[in-house]
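What follows is a set of notes on a single structure, which appears directly below.
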Amino acid sequence: MKFKFPSAQTILFIIAGLVAIMTWLVPAGKYDSLSYNTSSEKFERIGGGTTTELVATQATLDDLGIKIPLEKFTSGSIYKAIGIPNTYKEVDSNPQGFAAFLQSPIKGIIAAADIIFLVLIIGGLIGIMNLTGSFDAGISRLATALKGREYLLIILVTTLVAIGGTTFGLAEETMAFYPILIPVFIAARYDAIVGLASVFLGSAIGTMCSTTNPFSAIIASDSAGINWTTGLIGRAIMLAVCLAITIIYIMRYAKKVKNDPSESIVFDQKEELESKFGFDSENKITLTGRHKLMLTVFTLSFVIMIIGVSMLDWWYVEMTTVFLVGSILIGFLAKLKESDFLEAFSKGAGELLSVAFIIGIARGVSILMDDGQISDTMLYYASGLTEGMNKGVFANVMMIVYSGLSFFIPSSSGMAVLTMPVMSPLADTVGVGREVVVNCYQYGMGLFYLINPTGLILASLAIVNIGFEKWLKFIMPLFMILVVVTMAVLTISVYM
């Protein structure tokens with residue numbers, strides 16, 4: 001009997017089960033944490049089940065061994081509780097039993113309600129657009145315009161998404177792009193993998209080599225006690241190198257698929273995927289003025305979302321509202337009956353329901369680790385690996401450590417505030433700048449993000465209806481190339 005690779009949901013349930021078992025085997029432990037209370041204008045130290053108020057001064061931070069300027073807390077740059085170095089202690093074990101394992105996906109869905117509703121509302125918007133025929137008409141026109149130059153689509157999409165990733169952390173928001181762009185890539189005679197890779201890898205490389213991303217480079221630098229511009233040029237060069245490698249890799253695969261569709265990793269799903277994403281090259285729809293107006297509203301929804309997130313401190317509530325309003329406006333422009341609108345909206349949302357469950361289950365894995373109190377234990381033992389190492393070895397081991405930690409802490413901002421106060425002083429002990437640890441954090445998380453099942457890849461694959469094993473077959477050569485390049489760059493950088 002031929003082995004069938006399990007679904008994304010099953011993979012995450014297996015991981016959740018393994019994590020629950022780990023909470024019985026790994027000692028529970030916690031670092032004391034420090035946060036700034038804007039109301040009382042004092043620090044709050046939490047540890048041993050008690051909260052202690054401390055005077056918010058630079059001297060207090062120095063006494064705690066936290067080499068971060070006071071203004072980073074008072075200005076709101078560091079808004080989450082950070083770990084206090086050298087305060088790790090084992091605590092009473094809190095193993096997660098069978099009941100906790102069963103409850104974890106439910107808790108995860110509740111905890112991830114913000115992003116889940118964003119995904120469902122976007123699904124509703126896609127359903128409305130499909131009903132109006134605007135997508136098919138627009139794709140038909142675009143396919144004609146790009147004829148013979150389809151490769152520009154790969155370069156443009158990957159580069160623009162990477163710019164969003166490196167500047168303001170475009171990641172979860174890309175979930176909205178797959179149902180829109182996959183039909184465009186299929187119309188260009190590529191396969192769904194090419195569309196998925198252009199969006200996902202663009203975001204991944206952008207966030208891996210973050211330059212001005214406040215959720216990664218800036219908060220990590222702040223937490224390490226250095227200016228975020230320290231190491232900026234090196235990260236910008238790394239972005240250009242990795243992005244060029246990634247685009248060339250995607251284009252080589254895309255050219256092979258275009259010349260011979262049977263070379264596609266998802267060739268066995270060709271008819272299924274073309275049917276799912278609804279573009280019929282034999283039955284082209286004329287692009288009318290009404291279609292253009294609806295496509296304009298649709299595009300503006302994304303433009304407004306990006307402006308809001310990058311400039312106005314918007315988050316999931318505001319983003320979701322934009323797409324809901326966009327759906328209603330398009331319904332009015334299309335003169336849809338209320339019943340038709342609701343049916344199409346519900347159908348579109350329903351098609352992304354499995355994605356919502358994947359997001360919830362993945363969040364449930366994190367909840368199991370937090371409740372089992374093993375994340376800080378992993379950090380404590382990981383920090384001890386690098387003591388007294390050669391500079392080049394230190395940088396590469398630190399990157400590997402961050403790759404491993406990102407399985408347990410997939411949030412970039414969460415990883416930064418939890419680990420940087422503990423990890424960044426290790427750079428001082430081996431004679432390298434703290435920006436090296438910031439780079440290791442970004443590159444380590446970014447590389448593992450390409451295959452991390454507790455990250456966004458399984459949810460992204462679920463939207464496109466592609467199995468994890470097919471993604472691994474596509475990505476592993478590029479993954480290994482990027483690992484080698486990153487290790488070489490890190491090694492060279494500590495000796496320059």
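Residues in the structure tokens are named by chain (A, B, ... in the order shown) and by number from 1 within that chain; ligands are numbered from 1 in the order shown.
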Can you list, as a ChimeraX atom specification, every protein, DNA or RNA residue that comes within 12 Å of A:Ala244 when you count only C-alpha atoms, leaving out same-chain residues fewer than 3 positions away?
/A:154-155,158-159,162,201-202,205-206,237-241,247-251,478,482
I'd like the neighbourhood of stretch 348-365 of chain A as a ChimeraX atom specification, where a residue qualifies if any of its atoms comes within 8 Å (using only C-alpha atoms), though same-chain residues fewer than 4 positions away should be ignored.
/A:8-9,12-13,15-16,19,104-113,116,119-128,344,369,453-456,458-460,462-463
Test item: residues at most 8 Å from stretch 410-424 of chain A, only C-alpha atoms, excluding those fewer than 4 positions along its chain, as a VMD selection string
chain A and resid 66 to 67 78 80 to 86 215 to 216 219 to 220 223 to 224 379 383 405 to 406 428 434 437 to 438 441 445 454 to 455
Quick one: everything within 12 Å of A:Cys440, counting only C-alpha atoms, minus sequence neighbours fewer than 2 positions away in the same chain. Send it as a ChimeraX atom specification.
/A:208-210,216-217,220-221,231,235,392-406,416,419-420,423-424,427,433-438,442-448,483,486-487,489-491,493-494
Identify, on the basis of only C-alpha atoms, every residue whose closest approach to A:Gly388 does not exceed 10 Å; exclude the query and any residue fewer than 4 positions from it along the same chain; express the result as a list in words.
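Result of the neighbour search: Gly384, Phe394, Leu426, Thr429 and Val430 of chain A.
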For the selection just defined, write its residues with N, CA and C atoms to a file, as a tab-separated table (two decimals), in the first residue's frame.
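Output file again-v3.tsv follows:
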chain	number	residue	atom	x	y	z
A	384	GLY	N	23.27	28.25	26.92
A	384	GLY	CA	24.50	27.67	27.47
A	384	GLY	C	25.37	26.99	26.44
A	394	PHE	N	30.49	30.48	16.93
A	394	PHE	CA	29.44	31.11	17.75
A	394	PHE	C	28.29	31.61	16.87
A	426	LEU	N	25.80	37.34	25.31
A	426	LEU	CA	26.75	36.28	24.95
A	426	LEU	C	27.72	36.76	23.88
A	429	THR	N	30.88	38.11	25.31
A	429	THR	CA	31.83	37.13	25.87
A	429	THR	C	32.74	36.53	24.81
A	430	VAL	N	32.33	36.58	23.54
A	430	VAL	CA	33.17	36.01	22.48
A	430	VAL	C	33.79	37.09	21.59
Show me, as a PDB file with N, CA and C atoms, in the first residue's frame, the residues that have an atom within 9 Å of A:Glu173 when counting only C-alpha atoms, minus same-chain residues fewer than 2 positions from it.
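Saved to around29.pdb:
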ATOM      1  N   ILE A 115      -6.828  36.704  13.579  1.00  0.00           N
ATOM      2  CA  ILE A 115      -6.352  36.341  12.245  1.00  0.00           C
ATOM      3  C   ILE A 115      -7.330  35.403  11.534  1.00  0.00           C
ATOM      4  N   LEU A 118      -9.957  37.479   9.964  1.00  0.00           N
ATOM      5  CA  LEU A 118      -9.384  38.143   8.788  1.00  0.00           C
ATOM      6  C   LEU A 118      -9.409  37.208   7.587  1.00  0.00           C
ATOM      7  N   VAL A 119      -8.970  35.971   7.799  1.00  0.00           N
ATOM      8  CA  VAL A 119      -8.934  34.981   6.714  1.00  0.00           C
ATOM      9  C   VAL A 119     -10.342  34.699   6.180  1.00  0.00           C
ATOM     10  N   LEU A 170       5.387  42.204   6.380  1.00  0.00           N
ATOM     11  CA  LEU A 170       4.281  41.609   5.644  1.00  0.00           C
ATOM     12  C   LEU A 170       4.388  40.092   5.720  1.00  0.00           C
ATOM     13  N   ALA A 171       3.480  39.447   6.430  1.00  0.00           N
ATOM     14  CA  ALA A 171       3.536  37.992   6.612  1.00  0.00           C
ATOM     15  C   ALA A 171       2.131  37.406   6.602  1.00  0.00           C
ATOM     16  N   MET A 175      -1.770  35.934   3.291  1.00  0.00           N
ATOM     17  CA  MET A 175      -2.773  34.876   3.134  1.00  0.00           C
ATOM     18  C   MET A 175      -3.860  35.306   2.155  1.00  0.00           C
ATOM     19  N   ALA A 176      -4.072  36.613   2.073  1.00  0.00           N
ATOM     20  CA  ALA A 176      -5.111  37.130   1.186  1.00  0.00           C
ATOM     21  C   ALA A 176      -4.698  37.076  -0.284  1.00  0.00           C
ATOM     22  N   PHE A 177      -3.388  36.990  -0.545  1.00  0.00           N
ATOM     23  CA  PHE A 177      -2.910  37.098  -1.919  1.00  0.00           C
ATOM     24  C   PHE A 177      -3.028  35.802  -2.721  1.00  0.00           C
ATOM     25  N   MET A 305      -5.093  48.601   3.403  1.00  0.00           N
ATOM     26  CA  MET A 305      -4.604  47.716   4.464  1.00  0.00           C
ATOM     27  C   MET A 305      -3.107  47.931   4.691  1.00  0.00           C
ATOM     28  N   ILE A 306      -2.334  47.966   3.615  1.00  0.00           N
ATOM     29  CA  ILE A 306      -0.887  48.108   3.728  1.00  0.00           C
ATOM     30  C   ILE A 306      -0.520  49.465   4.322  1.00  0.00           C
ATOM     31  N   MET A 319      -7.850  45.801   9.680  1.00  0.00           N
ATOM     32  CA  MET A 319      -7.660  45.126   8.388  1.00  0.00           C
ATOM     33  C   MET A 319      -8.923  44.374   7.972  1.00  0.00           C
TER      34      MET A 319
END
Please produce, as a tab-separated table, a per-residue contact table for stretch 372-490 of chain A versus stretch 258-267 of chain A (criterion: any atom at most 10 Å away, only C-alpha atoms considered), showing the nearest atom pair and its distance in Å to one decimal, sorted by chain then residue number.
residue	atom	partner	partner_atom	distance
A:Ile466	CA	A:Val266	CA	7.6
A:Gly467	CA	A:Val266	CA	9.2
A:Lys470	CA	A:Ile265	CA	6.5
A:Trp471	CA	A:Ile265	CA	8.5
A:Lys473	CA	A:Ile265	CA	7.9
A:Phe474	CA	A:Ile265	CA	7.3
Selection from above, N, CA and C atoms, as a CSV table (one decimal), in the first residue's frame, can you write it?
chain,number,residue,atom,x,y,z
A,466,ILE,N,-2.2,22.2,-1.6
A,466,ILE,CA,-1.0,21.5,-1.9
A,466,ILE,C,-0.4,20.9,-0.7
A,467,GLY,N,0.0,19.6,-0.7
A,467,GLY,CA,0.5,18.9,0.4
A,467,GLY,C,1.9,19.4,0.9
A,470,LYS,N,4.9,17.9,-0.9
A,470,LYS,CA,5.2,18.5,-2.2
A,470,LYS,C,6.0,19.8,-2.1
A,471,TRP,N,5.6,20.6,-1.0
A,471,TRP,CA,6.3,21.8,-0.8
A,471,TRP,C,7.8,21.5,-0.4
A,473,LYS,N,9.6,18.9,-1.3
A,473,LYS,CA,10.3,18.5,-2.5
A,473,LYS,C,10.7,19.7,-3.3
A,474,PHE,N,9.9,20.8,-3.3
A,474,PHE,CA,10.2,22.0,-4.1
A,474,PHE,C,11.3,22.8,-3.3
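The gap separating atom CA of A:Ser7 from atom CA of A:Glu343 is 28.1 Å, in Å to one decimal.
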Can you check which residues of stretch 441-474 of chain A DSSP gives as helix (DSSP H, G or I) on the backbone and send them as a list in words?
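Those residues are Tyr441, Gln442, Tyr443, Gly444, Met445, Gly446, Leu447, Phe448, Tyr449, Ile457, Leu458, Ala459, Ser460, Leu461, Ala462, Ile463, Val464, Phe468, Glu469, Lys470, Trp471, Leu472, Lys473 and Phe474 of chain A.
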Once you have the residues from the selection above, write them out as a short mmCIF file (atom, residue, chain, number, x, y, z; two decimals), in the first residue's frame, restricted to C-alpha atoms.
data_model
loop_
_atom_site.label_atom_id
_atom_site.label_comp_id
_atom_site.auth_asym_id
_atom_site.auth_seq_id
_atom_site.Cartn_x
_atom_site.Cartn_y
_atom_site.Cartn_z
CA TYR A 441 17.95 35.64 15.29
CA GLN A 442 16.57 36.95 11.99
CA TYR A 443 18.37 34.51 9.71
CA GLY A 444 17.74 31.49 11.94
CA MET A 445 14.02 32.19 12.28
CA GLY A 446 13.77 33.12 8.59
CA LEU A 447 15.40 29.95 7.30
CA PHE A 448 13.35 27.60 9.45
CA TYR A 449 10.22 29.60 8.57
CA ILE A 457 3.44 27.42 5.66
CA LEU A 458 0.78 24.79 6.43
CA ALA A 459 -2.00 27.40 6.38
CA SER A 460 -0.65 28.79 3.10
CA LEU A 461 -0.49 25.32 1.55
CA ALA A 462 -4.07 24.63 2.67
CA ILE A 463 -5.32 27.66 0.74
CA VAL A 464 -3.61 26.40 -2.41
CA PHE A 468 3.40 19.60 2.75
CA GLU A 469 5.48 16.80 1.19
CA LYS A 470 5.24 18.48 -2.25
CA TRP A 471 6.34 21.78 -0.77
CA LEU A 472 9.35 20.08 0.86
CA LYS A 473 10.29 18.52 -2.48
CA PHE A 474 10.22 21.98 -4.07
#
When you count only C-alpha atoms, which of these residues is closest to A:Asp222: A:Ile193, A:Leu181, A:Ala382, A:Ile68?
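Closest residue, counting only C-alpha atoms: A:Ile68.
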Do you have the atom CA of A:Phe43-atom CA of A:Ile409 distance handy?
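So the two atoms, atom CA of A:Phe43 and atom CA of A:Ile409, lie 24.7 Å apart.
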Residues flagged strand (DSSP E) by DSSP in stretch 63-298 of chain A, as an NGL selection string:
:A and (82-83 or 89-90)
Go through A:Ala187, A:Val257, A:Gly234, A:Leu293 and flag the residue nearest A:Ile492, using only C-alpha atoms for the distances.
A:Gly234
